[in-house]
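Participant: Sharing input.pdb here; it has PDB, C-alpha atoms and all ligand atoms.
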MODEL        1
ATOM      1  CA  MET A   8      55.726 137.543 227.293  1.00  0.00           C
ATOM      2  CA  ASN A   9      53.058 139.178 225.149  1.00  0.00           C
ATOM      3  CA  LEU A  10      53.549 142.884 224.457  1.00  0.00           C
ATOM      4  CA  LEU A  11      50.870 143.564 221.881  1.00  0.00           C
ATOM      5  CA  THR A  12      47.868 141.729 220.506  1.00  0.00           C
ATOM      6  CA  ALA A  13      45.601 143.160 217.823  1.00  0.00           C
ATOM      7  CA  LYS A  14      42.412 141.352 216.928  1.00  0.00           C
ATOM      8  CA  ASN A  15      40.168 141.838 213.969  1.00  0.00           C
ATOM      9  CA  LEU A  16      41.333 145.357 213.153  1.00  0.00           C
ATOM     10  CA  ALA A  17      39.737 147.306 210.349  1.00  0.00           C
ATOM     11  CA  HIS A  18      40.302 150.867 209.250  1.00  0.00           C
ATOM     12  CA  THR A  19      38.653 153.131 206.717  1.00  0.00           C
ATOM     13  CA  PHE A  20      39.480 156.609 205.474  1.00  0.00           C
ATOM     14  CA  GLU A  21      37.757 157.416 202.191  1.00  0.00           C
ATOM     15  CA  TYR A  22      37.643 153.683 201.480  1.00  0.00           C
ATOM     16  CA  GLU A  23      38.408 150.590 203.521  1.00  0.00           C
ATOM     17  CA  LEU A  24      42.169 150.162 203.868  1.00  0.00           C
ATOM     18  CA  PHE A  25      42.170 146.771 205.559  1.00  0.00           C
ATOM     19  CA  ASN A  26      40.045 144.444 207.656  1.00  0.00           C
ATOM     20  CA  ASP A  27      40.405 141.371 209.856  1.00  0.00           C
ATOM     21  CA  VAL A  28      43.997 142.253 210.723  1.00  0.00           C
ATOM     22  CA  ASN A  29      45.485 140.129 213.498  1.00  0.00           C
ATOM     23  CA  ILE A  30      48.964 140.458 214.895  1.00  0.00           C
ATOM     24  CA  GLU A  31      50.817 139.440 218.016  1.00  0.00           C
ATOM     25  CA  LEU A  32      54.153 140.730 219.282  1.00  0.00           C
ATOM     26  CA  ASN A  33      56.128 139.074 222.052  1.00  0.00           C
ATOM     27  CA  ALA A  34      59.148 140.220 224.013  1.00  0.00           C
ATOM     28  CA  GLN A  35      62.469 139.907 222.146  1.00  0.00           C
ATOM     29  CA  GLU A  36      60.591 139.535 218.891  1.00  0.00           C
ATOM     30  CA  SER A  37      60.732 141.627 215.726  1.00  0.00           C
ATOM     31  CA  ILE A  38      57.982 141.868 213.140  1.00  0.00           C
ATOM     32  CA  ALA A  39      58.260 143.426 209.689  1.00  0.00           C
ATOM     33  CA  ILE A  40      55.332 144.727 207.660  1.00  0.00           C
ATOM     34  CA  ILE A  41      55.808 145.137 203.934  1.00  0.00           C
ATOM     35  CA  GLY A  42      53.405 146.132 201.186  1.00  0.00           C
ATOM     36  CA  MET A  43      52.860 148.548 198.343  1.00  0.00           C
ATOM     37  CA  SER A  44      52.861 152.292 198.832  1.00  0.00           C
ATOM     38  CA  GLY A  45      49.376 153.330 199.902  1.00  0.00           C
ATOM     39  CA  SER A  46      48.388 149.873 201.196  1.00  0.00           C
ATOM     40  CA  GLY A  47      47.975 151.218 204.732  1.00  0.00           C
ATOM     41  CA  LYS A  48      51.180 150.204 206.519  1.00  0.00           C
ATOM     42  CA  SER A  49      51.729 153.550 208.238  1.00  0.00           C
ATOM     43  CA  THR A  50      48.060 153.705 209.178  1.00  0.00           C
ATOM     44  CA  LEU A  51      48.295 150.261 210.761  1.00  0.00           C
ATOM     45  CA  LEU A  52      51.355 151.362 212.733  1.00  0.00           C
ATOM     46  CA  HIS A  53      49.445 154.442 213.897  1.00  0.00           C
ATOM     47  CA  LEU A  54      46.635 152.212 215.166  1.00  0.00           C
ATOM     48  CA  LEU A  55      48.979 149.838 216.974  1.00  0.00           C
ATOM     49  CA  SER A  56      50.866 152.707 218.604  1.00  0.00           C
ATOM     50  CA  THR A  57      47.669 154.413 219.879  1.00  0.00           C
ATOM     51  CA  LEU A  58      47.919 157.476 217.597  1.00  0.00           C
ATOM     52  CA  LEU A  59      44.727 156.493 215.793  1.00  0.00           C
ATOM     53  CA  THR A  60      41.622 154.635 216.958  1.00  0.00           C
ATOM     54  CA  PRO A  61      40.621 151.651 214.810  1.00  0.00           C
ATOM     55  CA  LYS A  62      37.159 151.609 213.271  1.00  0.00           C
ATOM     56  CA  LYS A  63      36.813 147.976 214.311  1.00  0.00           C
ATOM     57  CA  GLY A  64      38.656 145.474 216.448  1.00  0.00           C
ATOM     58  CA  SER A  65      40.725 145.638 219.607  1.00  0.00           C
ATOM     59  CA  ILE A  66      44.322 146.211 220.588  1.00  0.00           C
ATOM     60  CA  LEU A  67      45.896 145.033 223.817  1.00  0.00           C
ATOM     61  CA  LEU A  68      49.139 146.554 225.027  1.00  0.00           C
ATOM     62  CA  PHE A  69      50.860 144.595 227.798  1.00  0.00           C
ATOM     63  CA  GLY A  70      47.593 142.752 228.324  1.00  0.00           C
ATOM     64  CA  GLU A  71      45.447 145.861 228.645  1.00  0.00           C
ATOM     65  CA  GLU A  72      42.854 146.894 226.116  1.00  0.00           C
ATOM     66  CA  ILE A  73      43.667 150.395 224.772  1.00  0.00           C
ATOM     67  CA  SER A  74      40.016 151.419 224.554  1.00  0.00           C
ATOM     68  CA  SER A  75      39.501 150.707 228.246  1.00  0.00           C
ATOM     69  CA  MET A  76      42.510 152.708 229.470  1.00  0.00           C
ATOM     70  CA  ASN A  77      41.897 156.086 231.040  1.00  0.00           C
ATOM     71  CA  LYS A  78      43.787 159.128 229.751  1.00  0.00           C
ATOM     72  CA  LYS A  79      46.390 159.012 232.495  1.00  0.00           C
ATOM     73  CA  ARG A  80      47.234 155.361 231.923  1.00  0.00           C
ATOM     74  CA  LEU A  81      47.373 155.863 228.165  1.00  0.00           C
ATOM     75  CA  SER A  82      49.714 158.823 228.367  1.00  0.00           C
ATOM     76  CA  SER A  83      51.953 157.010 230.842  1.00  0.00           C
ATOM     77  CA  ILE A  84      52.226 154.048 228.469  1.00  0.00           C
ATOM     78  CA  LYS A  85      52.986 156.398 225.573  1.00  0.00           C
ATOM     79  CA  ARG A  86      55.628 158.238 227.532  1.00  0.00           C
ATOM     80  CA  HIS A  87      57.436 155.248 229.018  1.00  0.00           C
ATOM     81  CA  ASP A  88      56.688 152.146 227.017  1.00  0.00           C
ATOM     82  CA  LEU A  89      56.174 153.041 223.361  1.00  0.00           C
ATOM     83  CA  GLY A  90      58.946 154.247 221.095  1.00  0.00           C
ATOM     84  CA  LEU A  91      57.769 155.780 217.828  1.00  0.00           C
ATOM     85  CA  ILE A  92      60.153 156.311 214.938  1.00  0.00           C
ATOM     86  CA  PHE A  93      58.163 157.606 212.022  1.00  0.00           C
ATOM     87  CA  GLN A  94      58.718 158.727 208.438  1.00  0.00           C
ATOM     88  CA  SER A  95      58.768 162.373 209.373  1.00  0.00           C
ATOM     89  CA  HIS A  96      60.772 162.737 212.564  1.00  0.00           C
ATOM     90  CA  TYR A  97      59.530 165.408 214.854  1.00  0.00           C
ATOM     91  CA  LEU A  98      62.690 166.761 216.414  1.00  0.00           C
ATOM     92  CA  PHE A  99      62.460 170.198 217.999  1.00  0.00           C
ATOM     93  CA  LYS A 100      64.022 172.297 215.292  1.00  0.00           C
ATOM     94  CA  GLY A 101      65.184 175.276 217.346  1.00  0.00           C
ATOM     95  CA  PHE A 102      67.204 173.049 219.681  1.00  0.00           C
ATOM     96  CA  SER A 103      70.448 171.152 219.398  1.00  0.00           C
ATOM     97  CA  ALA A 104      70.467 167.380 218.938  1.00  0.00           C
ATOM     98  CA  TYR A 105      71.549 166.982 222.551  1.00  0.00           C
ATOM     99  CA  GLU A 106      68.761 169.182 223.859  1.00  0.00           C
ATOM    100  CA  ASN A 107      66.306 166.987 221.993  1.00  0.00           C
ATOM    101  CA  LEU A 108      67.682 163.965 223.852  1.00  0.00           C
ATOM    102  CA  GLU A 109      67.472 165.834 227.149  1.00  0.00           C
ATOM    103  CA  VAL A 110      63.742 166.217 226.587  1.00  0.00           C
ATOM    104  CA  ALA A 111      63.430 162.424 226.357  1.00  0.00           C
ATOM    105  CA  GLU A 112      65.589 162.083 229.470  1.00  0.00           C
ATOM    106  CA  LEU A 113      63.383 164.491 231.361  1.00  0.00           C
ATOM    107  CA  LEU A 114      60.089 162.940 230.285  1.00  0.00           C
ATOM    108  CA  SER A 115      61.042 159.318 230.834  1.00  0.00           C
ATOM    109  CA  GLY A 116      63.376 159.604 233.815  1.00  0.00           C
ATOM    110  CA  GLU A 117      65.992 157.510 231.966  1.00  0.00           C
ATOM    111  CA  LYS A 118      69.581 158.581 231.250  1.00  0.00           C
ATOM    112  CA  ILE A 119      71.153 159.439 227.894  1.00  0.00           C
ATOM    113  CA  GLU A 120      73.740 156.735 227.216  1.00  0.00           C
ATOM    114  CA  ASN A 121      77.081 157.584 225.696  1.00  0.00           C
ATOM    115  CA  ASP A 122      77.303 154.155 224.051  1.00  0.00           C
ATOM    116  CA  LEU A 123      74.064 154.818 222.214  1.00  0.00           C
ATOM    117  CA  LEU A 124      75.396 158.076 220.750  1.00  0.00           C
ATOM    118  CA  GLU A 125      78.584 156.303 219.776  1.00  0.00           C
ATOM    119  CA  SER A 126      76.889 153.406 218.048  1.00  0.00           C
ATOM    120  CA  LEU A 127      74.696 155.829 216.101  1.00  0.00           C
ATOM    121  CA  HIS A 128      77.741 157.976 215.175  1.00  0.00           C
ATOM    122  CA  ILE A 129      76.164 161.161 216.458  1.00  0.00           C
ATOM    123  CA  LYS A 130      78.623 162.099 219.201  1.00  0.00           C
ATOM    124  CA  GLU A 131      80.411 164.572 216.962  1.00  0.00           C
ATOM    125  CA  PRO A 132      77.463 166.688 215.803  1.00  0.00           C
ATOM    126  CA  ILE A 133      75.461 166.278 219.027  1.00  0.00           C
ATOM    127  CA  HIS A 134      75.683 169.956 220.001  1.00  0.00           C
ATOM    128  CA  GLN A 135      74.718 171.292 216.591  1.00  0.00           C
ATOM    129  CA  LYS A 136      71.256 172.632 215.930  1.00  0.00           C
ATOM    130  CA  VAL A 137      68.868 170.097 214.408  1.00  0.00           C
ATOM    131  CA  THR A 138      68.509 172.288 211.322  1.00  0.00           C
ATOM    132  CA  GLU A 139      72.278 172.051 210.761  1.00  0.00           C
ATOM    133  CA  LEU A 140      72.246 168.246 210.621  1.00  0.00           C
ATOM    134  CA  SER A 141      71.895 166.113 207.516  1.00  0.00           C
ATOM    135  CA  GLY A 142      68.660 164.162 207.008  1.00  0.00           C
ATOM    136  CA  GLY A 143      70.377 160.924 208.023  1.00  0.00           C
ATOM    137  CA  GLN A 144      71.874 162.521 211.130  1.00  0.00           C
ATOM    138  CA  GLN A 145      68.458 163.843 212.119  1.00  0.00           C
ATOM    139  CA  GLN A 146      67.034 160.380 211.646  1.00  0.00           C
ATOM    140  CA  ARG A 147      69.692 158.908 213.932  1.00  0.00           C
ATOM    141  CA  VAL A 148      69.097 161.596 216.566  1.00  0.00           C
ATOM    142  CA  SER A 149      65.404 160.722 216.573  1.00  0.00           C
ATOM    143  CA  ILE A 150      66.335 157.046 216.984  1.00  0.00           C
ATOM    144  CA  ALA A 151      68.614 157.985 219.901  1.00  0.00           C
ATOM    145  CA  ARG A 152      65.813 160.025 221.413  1.00  0.00           C
ATOM    146  CA  VAL A 153      63.412 157.109 221.238  1.00  0.00           C
ATOM    147  CA  LEU A 154      65.874 154.541 222.611  1.00  0.00           C
ATOM    148  CA  THR A 155      66.903 156.880 225.430  1.00  0.00           C
ATOM    149  CA  LYS A 156      63.501 156.439 226.996  1.00  0.00           C
ATOM    150  CA  LYS A 157      63.916 152.643 227.018  1.00  0.00           C
ATOM    151  CA  PRO A 158      60.599 151.681 225.393  1.00  0.00           C
ATOM    152  CA  ARG A 159      59.149 148.159 225.622  1.00  0.00           C
ATOM    153  CA  ILE A 160      57.861 148.350 222.053  1.00  0.00           C
ATOM    154  CA  ILE A 161      59.556 150.112 219.144  1.00  0.00           C
ATOM    155  CA  PHE A 162      57.316 151.119 216.244  1.00  0.00           C
ATOM    156  CA  ALA A 163      59.489 152.071 213.315  1.00  0.00           C
ATOM    157  CA  ASP A 164      58.275 153.327 209.950  1.00  0.00           C
ATOM    158  CA  GLU A 165      61.107 153.166 207.396  1.00  0.00           C
ATOM    159  CA  PRO A 166      63.626 154.084 210.131  1.00  0.00           C
ATOM    160  CA  THR A 167      66.597 153.647 207.842  1.00  0.00           C
ATOM    161  CA  GLY A 168      65.071 155.315 204.792  1.00  0.00           C
ATOM    162  CA  ASN A 169      67.577 158.190 204.768  1.00  0.00           C
ATOM    163  CA  LEU A 170      70.639 156.091 205.470  1.00  0.00           C
ATOM    164  CA  ASP A 171      73.309 154.424 203.362  1.00  0.00           C
ATOM    165  CA  LYS A 172      73.449 150.617 203.451  1.00  0.00           C
ATOM    166  CA  LYS A 173      76.259 150.346 206.007  1.00  0.00           C
ATOM    167  CA  THR A 174      74.740 152.831 208.446  1.00  0.00           C
ATOM    168  CA  ALA A 175      71.301 151.269 207.937  1.00  0.00           C
ATOM    169  CA  ASP A 176      72.675 147.832 208.841  1.00  0.00           C
ATOM    170  CA  GLU A 177      74.315 149.257 211.955  1.00  0.00           C
ATOM    171  CA  VAL A 178      71.074 150.913 213.020  1.00  0.00           C
ATOM    172  CA  MET A 179      69.129 147.682 212.499  1.00  0.00           C
ATOM    173  CA  THR A 180      71.674 145.710 214.514  1.00  0.00           C
ATOM    174  CA  LEU A 181      71.273 148.274 217.257  1.00  0.00           C
ATOM    175  CA  PHE A 182      67.485 147.766 217.240  1.00  0.00           C
ATOM    176  CA  PHE A 183      67.751 143.972 217.327  1.00  0.00           C
ATOM    177  CA  ASN A 184      70.278 144.094 220.163  1.00  0.00           C
ATOM    178  CA  TYR A 185      68.166 146.614 222.009  1.00  0.00           C
ATOM    179  CA  CYS A 186      65.125 144.304 221.883  1.00  0.00           C
ATOM    180  CA  ASN A 187      67.086 141.300 223.083  1.00  0.00           C
ATOM    181  CA  SER A 188      68.816 143.022 225.948  1.00  0.00           C
ATOM    182  CA  ASN A 189      65.790 145.019 227.112  1.00  0.00           C
ATOM    183  CA  ASN A 190      63.112 142.363 226.681  1.00  0.00           C
ATOM    184  CA  ALA A 191      61.461 144.664 224.154  1.00  0.00           C
ATOM    185  CA  GLY A 192      59.793 144.059 220.794  1.00  0.00           C
ATOM    186  CA  MET A 193      59.748 145.867 217.467  1.00  0.00           C
ATOM    187  CA  ILE A 194      57.275 146.357 214.652  1.00  0.00           C
ATOM    188  CA  LEU A 195      59.016 147.631 211.563  1.00  0.00           C
ATOM    189  CA  VAL A 196      57.495 148.944 208.349  1.00  0.00           C
ATOM    190  CA  THR A 197      59.845 148.770 205.404  1.00  0.00           C
ATOM    191  CA  HIS A 198      60.075 148.569 201.624  1.00  0.00           C
ATOM    192  CA  ASP A 199      63.334 146.657 201.934  1.00  0.00           C
ATOM    193  CA  ASN A 200      62.703 142.917 201.589  1.00  0.00           C
ATOM    194  CA  ASP A 201      66.119 141.833 202.843  1.00  0.00           C
ATOM    195  CA  LEU A 202      65.737 143.984 205.896  1.00  0.00           C
ATOM    196  CA  ALA A 203      62.229 142.636 206.503  1.00  0.00           C
ATOM    197  CA  HIS A 204      63.520 139.072 206.438  1.00  0.00           C
ATOM    198  CA  GLN A 205      66.014 139.841 209.182  1.00  0.00           C
ATOM    199  CA  CYS A 206      62.980 140.087 211.458  1.00  0.00           C
ATOM    200  CA  ASP A 207      61.475 137.060 213.206  1.00  0.00           C
ATOM    201  CA  LYS A 208      58.115 137.383 211.439  1.00  0.00           C
ATOM    202  CA  VAL A 209      57.164 139.073 208.175  1.00  0.00           C
ATOM    203  CA  PHE A 210      53.670 140.193 207.176  1.00  0.00           C
ATOM    204  CA  HIS A 211      52.497 141.433 203.790  1.00  0.00           C
ATOM    205  CA  LEU A 212      49.675 143.984 203.655  1.00  0.00           C
ATOM    206  CA  GLU A 213      47.908 143.349 200.381  1.00  0.00           C
ATOM    207  CA  ASP A 214      44.298 143.400 199.108  1.00  0.00           C
ATOM    208  CA  LYS A 215      43.122 144.701 202.490  1.00  0.00           C
ATOM    209  CA  LYS A 216      44.547 141.685 204.353  1.00  0.00           C
ATOM    210  CA  LEU A 217      47.612 141.228 206.491  1.00  0.00           C
ATOM    211  CA  LYS A 218      49.121 137.894 205.507  1.00  0.00           C
ATOM    212  CA  ARG A 219      51.978 136.254 207.312  1.00  0.00           C
ATOM    213  CA  ILE A 220      54.737 135.240 204.890  1.00  0.00           C
ATOM    214  CA  LYS A 221      57.449 134.293 207.388  1.00  0.00           C
TER     215      LYS A 221
HETATM  216  N1  LIG A 301      44.676 161.030 207.801  1.00  0.00           N
HETATM  217  C1  LIG A 301      44.251 160.540 206.638  1.00  0.00           C
HETATM  218  N2  LIG A 301      43.089 160.930 206.092  1.00  0.00           N
HETATM  219  C2  LIG A 301      42.632 160.400 204.937  1.00  0.00           C
HETATM  220  N3  LIG A 301      43.296 159.486 204.219  1.00  0.00           N
HETATM  221  C3  LIG A 301      44.471 159.038 204.713  1.00  0.00           C
HETATM  222  C4  LIG A 301      45.012 159.546 205.935  1.00  0.00           C
HETATM  223  N4  LIG A 301      46.190 158.912 206.181  1.00  0.00           N
HETATM  224  C5  LIG A 301      46.374 158.087 205.140  1.00  0.00           C
HETATM  225  N5  LIG A 301      45.341 158.153 204.269  1.00  0.00           N
HETATM  226  C6  LIG A 301      45.206 157.352 203.039  1.00  0.00           C
HETATM  227  O1  LIG A 301      45.271 155.982 203.369  1.00  0.00           O
HETATM  228  C7  LIG A 301      46.020 155.255 202.400  1.00  0.00           C
HETATM  229  C8  LIG A 301      47.138 154.493 203.069  1.00  0.00           C
HETATM  230  O2  LIG A 301      48.089 155.414 203.611  1.00  0.00           O
HETATM  231  P1  LIG A 301      49.346 154.915 204.427  1.00  0.00           P
HETATM  232  O3  LIG A 301      50.130 156.117 204.760  1.00  0.00           O
HETATM  233  O4  LIG A 301      48.896 154.065 205.552  1.00  0.00           O
HETATM  234  O5  LIG A 301      50.081 154.001 203.337  1.00  0.00           O
HETATM  235  P2  LIG A 301      51.509 153.294 203.395  1.00  0.00           P
HETATM  236  O6  LIG A 301      51.273 151.832 203.113  1.00  0.00           O
HETATM  237  O7  LIG A 301      52.204 153.644 204.643  1.00  0.00           O
HETATM  238  O8  LIG A 301      52.246 153.928 202.122  1.00  0.00           O
HETATM  239  P3  LIG A 301      53.820 154.315 201.924  1.00  0.00           P
HETATM  240  O9  LIG A 301      54.509 153.026 201.666  1.00  0.00           O
HETATM  241  O10 LIG A 301      53.793 155.198 200.728  1.00  0.00           O
HETATM  242  O11 LIG A 301      54.294 155.016 203.159  1.00  0.00           O
HETATM  243  C9  LIG A 301      46.485 156.282 201.378  1.00  0.00           C
HETATM  244  O12 LIG A 301      45.615 156.219 200.265  1.00  0.00           O
HETATM  245  C10 LIG A 301      46.350 157.613 202.096  1.00  0.00           C
HETATM  246  O13 LIG A 301      46.047 158.658 201.204  1.00  0.00           O
HETATM  247 MG    MG A 302      53.881 154.819 205.020  1.00  0.00          MG
ENDMDL
END
Would you write the structure of this file as structure tokens?
Facilitator:
Amino acid sequence: MNLLTAKNLAHTFEYELFNDVNIELNAQESIAIIGMSGSGKSTLLHLLSTLLTPKKGSILLFGEEISSMNKKRLSSIKRHDLGLIFQSHYLFKGFSAYENLEVAELLSGEKIENDLLESLHIKEPIHQKVTELSGGQQQRVSIARVLTKKPRIIFADEPTGNLDKKTADEVMTLFFNYCNSNNAGMILVTHDNDLAHQCDKVFHLEDKKLKRIK
């Protein structure tokens, strides 16, 4: 089942970042995007996850063109179907980790799962304030928050950047298992080549083109 199709995407800020980008994500599939710092990986993820509008090209989510969706449909898709895990995680700072998860629970109508907290090793500090957690703990809380809403597509930008190797591997295993058991897909941006090659497909963003290398 096709989850996302992007055709002929181009984007420009001060200069053209990339053009003629094509990508297709299916259910139970993981895609990694690698490339030098500044090549436009995060920007591409922002386009695919509806945070930015591409200068050229089209993006279909679950068979529907983003540009033809009305506001209500778009916000429903964002709330229920897209899970965004980005470089800076936007947890609500004044709240505890658990309260942050409750927000996801409330918005999506899904339940916080104990197993999820256990596999991310955040059961212990779950009632502490976000500001009292380490960077890696905050990152795992934001992963828990995203998975709590049971998205159909996970967009992850360096999701394991703050984590040690062992914890990073555990988090990645969790993502892969999540996709398989929930018929979901993942697009992952990473600087870690080994990690990228654990995904089904690997793309390299270089010289304004997205080239498939696996
Ligand atoms: N909102 C913006 N306005 C103007 N320029 C931007 C904006 N966002 C990103 N850029 C520029 O676009 C280029 C690509 O940025 P982007 O964040 O997509 O790179 P990246 O490949 O994710 O890099 P990194 O690996 O360091 O995270 C950079 O030169 C950046 O300065
Ligand atoms: Mg980036």
Participant: Please find the residues contacting ligand LIG 301 (chain A) at a distance of at most 7 Å between atoms, with all atoms listed in the file counted, and report them as a list in words.
Facilitator: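 Using all atoms listed in the file, I find these residues within 7 Å of ligand LIG 301 (chain A): Phe20, Glu21, Leu24, Gly42, Met43, Ser44, Gly45, Ser46, Gly47, Lys48, Ser49, Thr50 and Leu51 of chain A.
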Participant: Counting all atoms listed in the file, which residue out of A:Glu112, A:Ile92, A:Arg159, A:Lys100 sits closest to Arg147 in chain A?
Facilitator: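 Checking each candidate against Arg147 in chain A, we get A:Ile92 as the closest.
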Participant: With distances taken over all atoms listed in the file, which residue among A:Gly90, A:Pro132, A:Gly101, A:Gly168 lies nearest Ser56 in chain A?
Facilitator: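 For Ser56 in chain A, the nearest of the candidates is A:Gly90.
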Participant: Mind giving me the straight-line distance from CA of Thr197 in chain A to CA of Glu165 in chain A in Å, one decimal?
Facilitator: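 Computing the Euclidean distance for CA of Thr197 in chain A and CA of Glu165 in chain A yields 5.0 Å.
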Participant: Which distance in Å separates CA of Pro166 in chain A and CA of Glu117 in chain A, to one decimal?
Facilitator: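 Computing it gives 22.2 Å between the two atoms.
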Participant: For the provided coordinates, the residues matched by the PyMOL selection byres (((chain A and resi 81-83) around 12) and not hetatm) should be stated as an MDAnalysis selection string.
Facilitator: chainID A and resid 56:58 67:69 71:80 84:89 114:115 158
Participant: Choose the residue, out of A:Ile38, A:Glu109, A:Glu131, A:Ala163, that has the smallest atom-to-atom separation from ligand MG 302 (chain A); count only C-alpha atoms and all ligand atoms.
Facilitator: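 Result for the nearest residue to ligand MG 302 (chain A): A:Ala163.
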Participant: So the first atom is CA of Ala34 in chain A and the second is CA of Phe183 in chain A; what is the distance between them in Å, to one decimal place?
Facilitator: 11.5 Å
Participant: Need to verify the contact set: range 171-178 of chain A, 10 Å, all atoms listed in the file, exclusion of same-chain residues closer than 4 positions in sequence. Can you return it as a VMD selection string?
Facilitator: chain A and resid 126 to 128 143 147 150 166 to 167 182 to 184 202
Participant: Put those residues in a file: C-alpha atoms, as an mmCIF file, keeping the file's coordinate frame.
Facilitator:
data_model
loop_
_atom_site.group_PDB
_atom_site.id
_atom_site.type_symbol
_atom_site.label_atom_id
_atom_site.label_comp_id
_atom_site.auth_asym_id
_atom_site.auth_seq_id
_atom_site.Cartn_x
_atom_site.Cartn_y
_atom_site.Cartn_z
ATOM 1 C CA SER A 126 76.889 153.406 218.048
ATOM 2 C CA LEU A 127 74.696 155.829 216.101
ATOM 3 C CA HIS A 128 77.741 157.976 215.175
ATOM 4 C CA GLY A 143 70.377 160.924 208.023
ATOM 5 C CA ARG A 147 69.692 158.908 213.932
ATOM 6 C CA ILE A 150 66.335 157.046 216.984
ATOM 7 C CA PRO A 166 63.626 154.084 210.131
ATOM 8 C CA THR A 167 66.597 153.647 207.842
ATOM 9 C CA PHE A 182 67.485 147.766 217.240
ATOM 10 C CA PHE A 183 67.751 143.972 217.327
ATOM 11 C CA ASN A 184 70.278 144.094 220.163
ATOM 12 C CA LEU A 202 65.737 143.984 205.896
#
Participant: Could you tell me which of A:Asp214, A:Asp207, A:Glu120, A:Asp199 comes closest to Thr155 in chain A if we count only C-alpha atoms?
Facilitator: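 With only C-alpha atoms as the atom set, the closest residue is A:Glu120.
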Participant: From the list A:Ile161, A:Ile30, A:Leu154, A:Leu140, which residue is nearest Leu91 in chain A when using all atoms listed in the file?
Facilitator: A:Ile161
